[in-house]
file upload06.txt (compact mmCIF, C-alpha atoms)
# COMPACT_ATOMS: atom_id res chain seq x y z
CA MET A 1 -23.35 -1.38 -70.53
CA PRO A 2 -22.29 -0.87 -66.88
CA VAL A 3 -20.09 -3.61 -65.41
CA SER A 4 -20.94 -4.73 -61.88
CA THR A 5 -18.29 -6.33 -59.69
CA THR A 6 -18.60 -7.93 -56.29
CA TRP A 7 -15.78 -8.45 -53.83
CA LYS A 8 -16.60 -10.85 -51.02
CA SER A 9 -14.84 -10.75 -47.68
CA PRO A 10 -15.54 -11.82 -44.10
CA LEU A 11 -16.48 -8.19 -43.42
CA GLY A 12 -19.14 -8.13 -46.08
CA GLU A 13 -19.58 -7.69 -49.79
CA LEU A 14 -18.59 -4.68 -51.83
CA THR A 15 -20.67 -4.40 -54.93
CA GLY A 16 -19.94 -1.76 -57.42
CA GLY A 17 -20.08 -0.57 -60.94
CA THR A 18 -18.82 2.59 -62.53
CA ASN A 19 -18.23 5.15 -59.73
CA VAL A 20 -21.00 3.64 -57.60
CA TYR A 21 -20.23 1.24 -54.79
CA GLN A 22 -22.37 -0.35 -52.13
CA TRP A 23 -21.25 -2.25 -49.05
CA VAL A 24 -23.48 -5.09 -47.86
CA PRO A 25 -22.75 -6.23 -44.30
CA PRO A 26 -22.19 -9.96 -43.73
CA THR A 27 -25.20 -12.13 -42.97
CA PRO A 28 -25.78 -12.92 -39.29
CA TYR A 29 -23.96 -15.96 -38.00
CA GLN A 30 -25.68 -18.39 -35.74
CA VAL A 31 -23.96 -21.07 -33.70
CA ASN A 32 -26.29 -24.01 -33.95
CA THR A 33 -25.05 -27.29 -32.59
CA ASP A 34 -25.84 -30.31 -30.46
CA VAL A 35 -23.91 -31.13 -27.32
CA LEU A 36 -24.56 -34.68 -26.14
CA ASP A 37 -27.96 -34.51 -27.84
CA ASP A 38 -28.92 -31.22 -26.22
CA HIS A 39 -29.45 -28.37 -28.63
CA VAL A 40 -27.17 -25.36 -28.11
CA SER A 41 -27.46 -22.16 -30.11
CA LEU A 42 -25.98 -18.70 -29.90
CA ASP A 43 -27.51 -15.94 -31.98
CA SER A 44 -25.77 -12.76 -32.88
CA ASP A 45 -26.59 -9.87 -35.15
CA GLY A 46 -23.31 -10.23 -36.94
CA PRO A 47 -20.65 -12.83 -37.56
CA TRP A 48 -18.53 -11.68 -34.65
CA ALA A 49 -19.50 -14.55 -32.35
CA GLY A 50 -18.28 -17.02 -34.96
CA TYR A 51 -15.07 -15.11 -35.62
CA ARG A 52 -14.32 -14.82 -31.91
CA LEU A 53 -14.90 -18.56 -31.54
CA ALA A 54 -12.60 -19.38 -34.44
CA PHE A 55 -9.95 -16.98 -33.15
CA THR A 56 -10.08 -18.59 -29.70
CA ARG A 57 -9.84 -22.05 -31.20
CA ILE A 58 -6.84 -21.14 -33.36
CA LEU A 59 -5.05 -19.38 -30.51
CA VAL A 60 -5.55 -22.21 -28.03
CA GLY A 61 -4.58 -24.66 -30.77
CA TYR A 62 -1.38 -22.77 -31.49
CA TRP A 63 -0.57 -22.69 -27.76
CA LEU A 64 -0.73 -26.49 -27.56
CA LEU A 65 0.85 -27.03 -30.99
CA HIS A 66 3.84 -24.90 -30.04
CA ALA A 67 4.20 -26.63 -26.65
CA GLY A 68 4.12 -30.09 -28.26
CA LEU A 69 6.36 -29.23 -31.20
CA SER A 70 9.01 -27.59 -29.01
CA LYS A 71 9.07 -30.69 -26.79
CA LEU A 72 9.39 -32.97 -29.81
CA LEU A 73 12.22 -30.94 -31.33
CA VAL A 74 14.20 -30.23 -28.15
CA GLY A 75 13.55 -33.43 -26.22
CA PHE A 76 11.46 -33.92 -23.16
CA SER A 77 11.42 -35.86 -19.90
CA VAL A 78 8.92 -35.28 -17.16
CA GLN A 79 10.62 -37.55 -14.62
CA GLY A 80 12.29 -34.92 -12.45
CA TYR A 81 9.22 -32.75 -12.48
CA LEU A 82 6.82 -35.51 -11.46
CA GLN A 83 9.20 -36.88 -8.85
CA PHE A 84 10.13 -33.64 -7.10
CA ALA A 85 8.23 -30.57 -8.29
CA SER A 86 4.81 -32.14 -7.88
CA VAL A 87 5.40 -33.19 -4.27
CA GLY A 88 2.46 -32.06 -2.15
CA ALA A 89 0.04 -31.78 -5.07
CA ILE A 90 -3.13 -33.83 -4.75
CA SER A 91 -2.23 -35.64 -7.98
CA HIS A 92 1.22 -36.65 -6.69
CA PRO A 93 0.20 -40.15 -5.50
CA VAL A 94 -1.02 -40.87 -9.04
CA MET A 95 1.95 -39.16 -10.72
CA VAL A 96 4.47 -41.27 -8.79
CA ALA A 97 3.41 -44.29 -10.87
CA PHE A 98 4.66 -42.48 -13.98
CA THR A 99 8.13 -41.58 -12.71
CA SER A 100 9.86 -44.75 -13.91
CA GLY A 101 9.62 -47.68 -16.29
CA ALA A 102 6.76 -48.07 -18.71
CA GLY A 103 4.74 -45.31 -17.06
CA LEU A 104 7.51 -42.78 -17.62
CA ALA A 105 8.02 -43.90 -21.23
CA PHE A 106 4.28 -43.59 -21.81
CA VAL A 107 4.07 -40.06 -20.40
CA ASN A 108 7.28 -38.90 -22.11
CA SER A 109 5.88 -39.93 -25.49
CA THR A 110 2.21 -39.06 -25.15
CA ILE A 111 2.55 -35.57 -23.73
CA PRO A 112 4.52 -34.03 -26.62
CA VAL A 113 2.76 -36.04 -29.33
CA GLY A 114 -0.61 -35.44 -27.74
CA GLU A 115 -0.08 -31.70 -27.40
CA PHE A 116 1.11 -31.51 -31.01
CA LEU A 117 -1.87 -33.45 -32.41
CA ILE A 118 -4.42 -31.65 -30.24
CA GLY A 119 -2.97 -28.31 -31.27
CA LEU A 120 -2.92 -29.27 -34.92
CA GLY A 121 -6.52 -30.44 -34.78
CA LEU A 122 -7.64 -27.20 -33.20
CA VAL A 123 -5.68 -25.00 -35.60
CA VAL A 124 -7.08 -26.66 -38.74
CA GLY A 125 -10.49 -27.24 -37.14
CA ALA A 126 -10.59 -31.01 -37.59
CA LEU A 127 -12.02 -33.39 -34.99
CA VAL A 128 -12.26 -30.39 -32.71
CA ARG A 129 -14.43 -32.00 -30.04
CA LEU A 130 -12.13 -35.00 -29.80
CA ALA A 131 -9.09 -32.73 -29.60
CA SER A 132 -10.77 -30.53 -27.00
CA PHE A 133 -11.65 -33.52 -24.87
CA PHE A 134 -8.08 -34.80 -24.74
CA GLY A 135 -6.76 -31.27 -24.32
CA SER A 136 -9.03 -30.84 -21.29
CA PHE A 137 -7.76 -34.16 -19.96
CA LEU A 138 -4.17 -32.89 -20.22
CA MET A 139 -5.04 -29.52 -18.68
CA PHE A 140 -6.75 -31.23 -15.75
CA PHE A 141 -3.54 -33.04 -14.83
CA PHE A 142 -1.32 -30.05 -15.57
CA TYR A 143 -3.45 -27.86 -13.30
CA PHE A 144 -3.30 -30.18 -10.32
CA THR A 145 0.34 -31.19 -10.82
CA ASP A 146 1.72 -27.69 -11.48
CA HIS A 147 -0.13 -26.19 -8.52
CA GLU A 148 1.10 -22.73 -9.56
CA TRP A 149 -1.34 -21.09 -7.25
CA ALA A 150 0.89 -18.53 -5.55
CA HIS A 151 -1.08 -15.75 -7.26
CA GLY A 152 -4.50 -17.36 -7.10
CA PHE A 153 -6.23 -20.55 -8.06
CA VAL A 154 -7.00 -19.35 -11.58
CA SER A 155 -3.87 -20.21 -13.55
CA SER A 156 -3.20 -20.60 -17.26
CA ASP A 157 -3.94 -24.31 -17.05
CA LEU A 158 -7.40 -23.70 -15.60
CA VAL A 159 -8.19 -21.00 -18.17
CA GLY A 160 -6.99 -23.34 -20.91
CA LEU A 161 -9.27 -26.06 -19.55
CA LEU A 162 -12.27 -23.72 -19.60
CA LEU A 163 -11.44 -22.46 -23.11
CA LEU A 164 -11.22 -26.03 -24.41
CA ILE A 165 -14.61 -26.84 -22.89
CA THR A 166 -16.04 -23.72 -24.55
CA ILE A 167 -14.52 -24.71 -27.90
CA ALA A 168 -16.07 -28.17 -27.61
CA VAL A 169 -19.51 -26.96 -26.47
CA PHE A 170 -19.95 -24.41 -29.27
CA GLY A 171 -18.47 -26.56 -32.01
CA ALA A 172 -15.75 -24.11 -32.99
CA GLY A 173 -14.49 -26.37 -35.78
CA ARG A 174 -17.46 -25.33 -37.88
CA VAL A 175 -16.19 -21.80 -38.32
CA TRP A 176 -13.30 -21.69 -40.79
CA GLY A 177 -12.49 -25.28 -39.95
CA LEU A 178 -12.31 -28.66 -41.65
CA ASP A 179 -15.12 -30.03 -39.47
CA GLU A 180 -17.62 -27.99 -41.49
CA TRP A 181 -16.57 -29.97 -44.58
CA LEU A 182 -16.30 -33.30 -42.73
CA GLU A 183 -19.80 -32.88 -41.26
CA SER A 184 -21.28 -32.35 -44.71
CA MET A 185 -20.40 -35.92 -45.66
CA ASP A 186 -23.06 -38.64 -45.55
CA TRP A 187 -21.19 -40.87 -43.10
CA ALA A 188 -20.99 -38.00 -40.61
CA LYS A 189 -24.66 -37.05 -40.96
CA ASN A 190 -25.77 -40.59 -40.19
CA SER A 191 -23.41 -41.24 -37.30
CA ARG A 192 -24.11 -40.32 -33.68
CA TRP A 193 -20.42 -40.65 -32.83
CA ALA A 194 -19.47 -38.24 -35.60
CA ARG A 195 -21.52 -35.58 -33.83
CA TYR A 196 -19.54 -36.21 -30.66
CA LEU A 197 -16.11 -36.11 -32.32
CA LEU A 198 -16.60 -33.40 -34.93
CA GLY A 199 -17.68 -29.82 -34.42
CA MET B 1 -23.32 -29.39 -8.72
CA ALA B 2 -20.02 -29.41 -10.59
CA ALA B 3 -20.24 -25.69 -11.26
CA GLY B 4 -21.23 -25.04 -7.64
CA SER B 5 -18.24 -26.95 -6.36
CA PHE B 6 -15.99 -25.06 -8.73
CA LEU B 7 -17.40 -21.67 -7.82
CA LEU B 8 -17.16 -22.47 -4.12
CA ALA B 9 -13.48 -23.43 -4.29
CA VAL B 10 -12.16 -20.78 -6.67
CA PRO B 11 -13.94 -17.41 -6.40
CA LEU B 12 -15.85 -17.78 -3.13
CA MET B 13 -13.10 -19.25 -0.96
CA GLY B 14 -10.56 -17.14 -2.82
CA MET B 15 -12.38 -13.89 -2.10
CA VAL B 16 -12.91 -14.79 1.57
CA ASN B 17 -9.22 -15.67 1.77
CA LEU B 18 -8.26 -12.34 0.22
CA LEU B 19 -10.55 -10.31 2.46
CA ALA B 20 -9.11 -12.12 5.49
CA GLY B 21 -5.74 -10.62 4.61
CA ALA B 22 -4.05 -13.47 2.76
CA GLU B 23 -1.64 -12.31 0.07
CA SER B 24 -1.57 -15.74 -1.50
CA PRO B 25 -3.70 -18.90 -1.43
CA LEU B 26 -0.57 -20.78 -0.33
CA TYR B 27 1.45 -20.69 2.90
CA ALA B 28 3.86 -17.73 2.80
CA TYR B 29 7.21 -18.31 4.53
CA GLU B 30 10.54 -16.66 5.26
CA VAL B 31 13.87 -18.42 5.54
CA THR B 32 17.20 -16.89 6.54
CA VAL B 33 20.33 -18.51 5.18
CA GLY B 34 23.72 -16.92 5.79
CA GLY B 35 22.20 -13.60 6.79
CA GLU B 36 20.10 -13.42 3.64
CA THR B 37 16.34 -13.67 3.99
CA THR B 38 14.27 -15.08 1.18
CA THR B 39 10.51 -15.49 0.94
CA GLY B 40 8.41 -18.03 -0.82
CA THR B 41 5.15 -19.95 -0.82
CA ALA B 42 4.41 -23.59 -0.18
CA LEU B 43 1.41 -25.82 -0.63
CA SER B 44 1.46 -27.08 2.95
CA PRO B 45 3.49 -26.60 6.16
CA ALA B 46 5.08 -30.01 5.56
CA LEU B 47 6.72 -28.72 2.39
CA LEU B 48 8.47 -25.75 3.98
CA PRO B 49 12.28 -25.66 3.66
CA GLU B 50 14.29 -26.33 6.78
CA GLY B 51 14.42 -23.36 9.13
CA ALA B 52 11.56 -21.54 7.45
CA THR B 53 8.93 -19.72 9.44
CA ILE B 54 5.39 -19.24 8.26
CA VAL B 55 4.64 -15.57 7.71
CA HIS B 56 1.02 -15.98 6.72
CA SER B 57 -1.38 -18.92 6.59
CA PRO B 58 -4.36 -18.91 4.24
CA LEU B 59 -7.84 -19.15 5.77
CA PHE B 60 -8.63 -22.23 3.68
CA ASP B 61 -6.04 -24.95 3.21
CA PRO B 62 -5.00 -24.95 -0.50
CA THR B 63 -5.12 -28.73 -0.61
CA LEU B 64 -8.74 -28.65 0.54
CA ARG B 65 -9.59 -26.12 -2.17
CA ALA B 66 -7.80 -28.28 -4.74
CA TYR B 67 -9.88 -31.31 -3.75
CA VAL B 68 -13.12 -29.30 -4.07
CA VAL B 69 -12.10 -28.14 -7.59
CA ALA B 70 -11.11 -31.69 -8.50
CA VAL B 71 -14.46 -33.05 -7.27
CA GLY B 72 -16.32 -30.50 -9.39
CA LEU B 73 -14.35 -31.38 -12.51
CA LEU B 74 -14.71 -35.12 -11.88
CA ILE B 75 -18.48 -34.76 -11.49
CA LEU B 76 -18.54 -32.92 -14.81
CA GLY B 77 -16.48 -35.68 -16.40
CA LEU B 78 -18.72 -38.42 -15.01
CA TYR B 79 -21.81 -36.59 -16.25
CA PHE B 80 -20.23 -36.36 -19.68
CA VAL B 81 -19.55 -40.10 -19.69
CA TYR B 82 -23.12 -40.75 -18.52
CA ARG B 83 -24.60 -38.68 -21.35
CA LEU B 84 -22.20 -40.21 -23.85
CA PHE B 85 -22.87 -43.86 -23.09
CA VAL B 86 -26.05 -44.15 -21.01
CA TYR B 87 -28.66 -41.47 -21.61
CA SER B 88 -29.53 -39.66 -24.81
CA PRO B 89 -32.56 -37.29 -24.73
CA ARG B 90 -32.95 -37.61 -28.48
CA GLU B 91 -33.13 -41.41 -28.33
CA ALA B 92 -35.52 -41.25 -25.38
CA GLU B 93 -37.88 -38.99 -27.36
CA THR B 94 -37.87 -41.22 -30.42
CA GLN B 95 -38.48 -44.49 -28.62
CA VAL B 96 -41.40 -46.31 -30.13
CA VAL B 97 -43.92 -47.76 -27.70
CA ALA B 98 -45.42 -51.05 -28.83
CA PRO B 99 -49.23 -50.84 -29.35
CA THR B 100 -51.39 -52.66 -26.84
CA ALA B 101 -54.00 -55.26 -27.73
CA ASP B 102 -56.94 -52.97 -26.76

call {"tool": "encode", "arguments": {"input": "upload06.txt", "output": "structure tokens"}}
result
Amino acid sequence: MPVSTTWKSPLGELTGGTNVYQWVPPTPYQVNTDVLDDHVSLDSDGPWAGYRLAFTRILVGYWLLHAGLSKLLVGFSVQGYLQFASVGAISHPVMVAFTSGAGLAFVNSTIPVGEFLIGLGLVVGALVRLASFFGSFLMFFFYFTDHEWAHGFVSSDLVGLLLLITIAVFGAGRVWGLDEWLESMDWAKNSRWARYLLG
Amino acid sequence: MAAGSFLLAVPLMGMVNLLAGAESPLYAYEVTVGGETTTGTALSPALLPEGATIVHSPLFDPTLRAYVVAVGLLILGLYFVYRLFVYSPREAETQVVAPTAD
């Protein structure tokens, strides 16, 4: 009696028996999500859209995770930077409030911890929309405080901001992420806020 | 409107700036100290080091462009807050209208 075996992989299934093998391509992947109660979908003939989305999410997540973890391990103070390097930036009048006292302590603690948690959330795919929102918030201030525009207005901070918005809009946590499992729970299905935070 | 503001400030103004001969969106300067000349860029003429001379000025002030980008992003953020807390198309569609006495 011939024995049939199936190996499953992200690239498809390989089904075979004795000396006969057949490769079945993966089923098409469709991004199907709601963004602030508007339906958003992205069809593709293969799973590549989903993989690209997951890859982007993990890469951006690692970028922030590494930035936060290195600050936590080495030590970090933004005082000198906010006080002197950001002079002339349009965010400088706001940043001055964070150069001493409680404001400085707040920024010195939230930037490394925030980057670490946002990066971790993106890498594991949990609470991706929440993480992307706060990541975008950070990137907004980094972009206008860094003002590294000597080679053009499109800098890494702006590209990071746009990537985080993309990750949030298309619900990248649902591809190889914990949000897929979290969203299958009853409390998430019945909660409007869960749709805004997960994905 | 947010996207329009963004596209105006970054690619449109940037391309016009580039075609007008600007090497950088910022103010390019030269400063000679002890016989050695160094170059650099600054966000505005007020931030130039002492003794520096402006080599090239951008067509659009970088601070103006920054404000236009910031306005676009803030509009996007305000729209997000509006959709989050004020208006939900799904809830608007499912609102039940009370029957009249006719």

call {"tool": "residues_around", "arguments": {"input": "upload06.txt", "residues": "Leu162 in chain A", "least_positions_apart": "4", "cutoff": "12 Å", "atoms": "only C-alpha atoms", "output": "PyMOL selection string"}}
result
(chain A and resi 56-57+60+132-133+135-137+139-140+143+154-158+166-169) or (chain B and resi 3+6+73)

call {"tool": "atom_distance", "arguments": {"input": "upload06.txt", "atom1": "CA of Ala89 in chain A", "atom2": "CA of Gly114 in chain A"}}
result
23.0 Å

call {"tool": "residues_around", "arguments": {"input": "upload06.txt", "residues": "range 37-54 of chain B", "least_positions_apart": "6", "cutoff": "9 Å", "atoms": "only C-alpha atoms", "output": "list in words"}}
result
Val87, Gly88, Ala89, His147, Trp149 and Ala150 of chain A; Ser24, Pro25, Leu26, Tyr27, Ala28, Tyr29, Glu30, Val31, Asp61, Pro62 and Thr63 of chain B

call {"tool": "atom_distance", "arguments": {"input": "upload06.txt", "atom1": "CA of Ser57 in chain B", "atom2": "CA of Glu36 in chain B"}}
result
22.4 Å

call {"tool": "interface_residues", "arguments": {"input": "upload06.txt", "of": "chain A", "to": "chain B", "cutoff": "6 Å", "atoms": "all atoms listed in the file", "output": "JSON, numbers by chain"}}
result
{"A": [37, 150, 151, 152]}

call {"tool": "atom_distance", "arguments": {"input": "upload06.txt", "atom1": "CA of Val74 in chain A", "atom2": "CA of His92 in chain A"}}
result
25.9 Å

call {"tool": "closest_atom_pairs", "arguments": {"input": "upload06.txt", "of": "range 110-138 of chain A", "to": "range 171-182 of chain A", "cutoff": "6 Å", "atoms": "all atoms listed in the file", "output": "Markdown table"}}
result
| residue | atom | partner | partner_atom | distance |
| --- | --- | --- | --- | --- |
| A:Val124 | CA | A:Gly177 | CA | 5.7 |
| A:Gly125 | CA | A:Gly177 | CA | 4.0 |
| A:Ala126 | CA | A:Leu178 | CA | 5.0 |
| A:Val128 | CA | A:Gly173 | CA | 5.5 |

call {"tool": "residues_around", "arguments": {"input": "upload06.txt", "residues": "Asp146 in chain A", "least_positions_apart": "2", "cutoff": "8 Å", "atoms": "all atoms listed in the file", "output": "VMD selection string"}}
result
chain A and resid 85 to 86 89 142 to 144 148

call {"tool": "closest_residue", "arguments": {"input": "upload06.txt", "among": "A:Ala131, A:Val96, A:Leu161, A:Val107", "to": "Leu65 in chain A", "atoms": "all atoms listed in the file"}}
result
A:Ala131

call {"tool": "closest_residue", "arguments": {"input": "upload06.txt", "among": "B:Met1, B:His56, B:Val68, B:Leu76", "to": "Gly21 in chain B", "atoms": "all atoms listed in the file"}}
result
B:His56

call {"tool": "residues_around", "arguments": {"input": "upload06.txt", "residues": "range 101-104 of chain A", "least_positions_apart": "2", "cutoff": "12 Å", "atoms": "only C-alpha atoms", "output": "PyMOL selection string"}}
result
chain A and resi 76-83+94-99+106-111

call {"tool": "build_atoms", "arguments": {"input": "upload06.txt", "residues": "range 91-123 of chain A", "atoms": "N, CA and C atoms", "output": "compact mmCIF listing (two decimals), keeping the file's coordinate frame"}}
result
# COMPACT_ATOMS: atom_id res chain seq x y z
N SER A 91 -2.40 -34.62 -6.95
CA SER A 91 -2.23 -35.64 -7.98
C SER A 91 -0.92 -36.39 -7.82
N HIS A 92 -0.10 -36.03 -6.83
CA HIS A 92 1.22 -36.65 -6.69
C HIS A 92 1.18 -38.16 -6.48
N PRO A 93 0.25 -38.69 -5.66
CA PRO A 93 0.20 -40.15 -5.50
C PRO A 93 -0.04 -40.88 -6.82
N VAL A 94 -0.79 -40.26 -7.72
CA VAL A 94 -1.02 -40.87 -9.04
C VAL A 94 0.20 -40.67 -9.93
N MET A 95 0.82 -39.49 -9.85
CA MET A 95 1.95 -39.16 -10.72
C MET A 95 3.17 -40.01 -10.42
N VAL A 96 3.30 -40.46 -9.17
CA VAL A 96 4.47 -41.27 -8.79
C VAL A 96 4.56 -42.53 -9.65
N ALA A 97 3.42 -43.06 -10.04
CA ALA A 97 3.41 -44.29 -10.87
C ALA A 97 4.04 -44.06 -12.24
N PHE A 98 4.14 -42.78 -12.64
CA PHE A 98 4.66 -42.48 -13.98
C PHE A 98 6.09 -41.93 -13.93
N THR A 99 6.78 -42.15 -12.82
CA THR A 99 8.13 -41.58 -12.71
C THR A 99 9.22 -42.57 -13.12
N SER A 100 8.85 -43.79 -13.48
CA SER A 100 9.86 -44.75 -13.91
C SER A 100 9.23 -45.81 -14.79
N GLY A 101 10.07 -46.53 -15.51
CA GLY A 101 9.62 -47.68 -16.29
C GLY A 101 8.67 -47.33 -17.41
N ALA A 102 7.70 -48.22 -17.61
CA ALA A 102 6.76 -48.07 -18.71
C ALA A 102 5.89 -46.82 -18.55
N GLY A 103 5.55 -46.50 -17.31
CA GLY A 103 4.74 -45.31 -17.06
C GLY A 103 5.44 -44.05 -17.52
N LEU A 104 6.74 -43.95 -17.22
CA LEU A 104 7.51 -42.78 -17.62
C LEU A 104 7.64 -42.71 -19.13
N ALA A 105 7.90 -43.87 -19.76
CA ALA A 105 8.02 -43.90 -21.23
C ALA A 105 6.70 -43.48 -21.87
N PHE A 106 5.59 -43.94 -21.29
CA PHE A 106 4.28 -43.59 -21.81
C PHE A 106 4.05 -42.08 -21.74
N VAL A 107 4.31 -41.50 -20.57
CA VAL A 107 4.07 -40.06 -20.40
C VAL A 107 5.02 -39.23 -21.26
N ASN A 108 6.29 -39.64 -21.32
CA ASN A 108 7.28 -38.90 -22.11
C ASN A 108 6.95 -38.88 -23.59
N SER A 109 6.23 -39.90 -24.06
CA SER A 109 5.88 -39.93 -25.49
C SER A 109 4.51 -39.31 -25.74
N THR A 110 3.56 -39.53 -24.86
CA THR A 110 2.21 -39.06 -25.15
C THR A 110 2.02 -37.57 -24.92
N ILE A 111 2.76 -37.00 -23.97
CA ILE A 111 2.55 -35.57 -23.73
C ILE A 111 2.96 -34.73 -24.93
N PRO A 112 4.17 -34.86 -25.47
CA PRO A 112 4.52 -34.03 -26.62
C PRO A 112 3.71 -34.37 -27.87
N VAL A 113 3.52 -35.66 -28.14
CA VAL A 113 2.76 -36.04 -29.33
C VAL A 113 1.30 -35.62 -29.18
N GLY A 114 0.78 -35.82 -27.99
CA GLY A 114 -0.61 -35.44 -27.74
C GLY A 114 -0.83 -33.95 -27.88
N GLU A 115 0.05 -33.16 -27.28
CA GLU A 115 -0.08 -31.70 -27.40
C GLU A 115 0.01 -31.28 -28.86
N PHE A 116 0.94 -31.88 -29.60
CA PHE A 116 1.11 -31.51 -31.01
C PHE A 116 -0.16 -31.83 -31.82
N LEU A 117 -0.69 -33.05 -31.63
CA LEU A 117 -1.87 -33.45 -32.41
C LEU A 117 -3.11 -32.67 -32.00
N ILE A 118 -3.27 -32.44 -30.71
CA ILE A 118 -4.42 -31.65 -30.24
C ILE A 118 -4.33 -30.24 -30.81
N GLY A 119 -3.15 -29.66 -30.74
CA GLY A 119 -2.97 -28.31 -31.27
C GLY A 119 -3.21 -28.25 -32.76
N LEU A 120 -2.72 -29.24 -33.48
CA LEU A 120 -2.92 -29.27 -34.92
C LEU A 120 -4.40 -29.39 -35.27
N GLY A 121 -5.08 -30.27 -34.55
CA GLY A 121 -6.52 -30.44 -34.78
C GLY A 121 -7.29 -29.17 -34.54
N LEU A 122 -6.94 -28.45 -33.50
CA LEU A 122 -7.64 -27.20 -33.20
C LEU A 122 -7.32 -26.13 -34.23
N VAL A 123 -6.08 -26.05 -34.65
CA VAL A 123 -5.68 -25.00 -35.60
C VAL A 123 -6.40 -25.19 -36.94
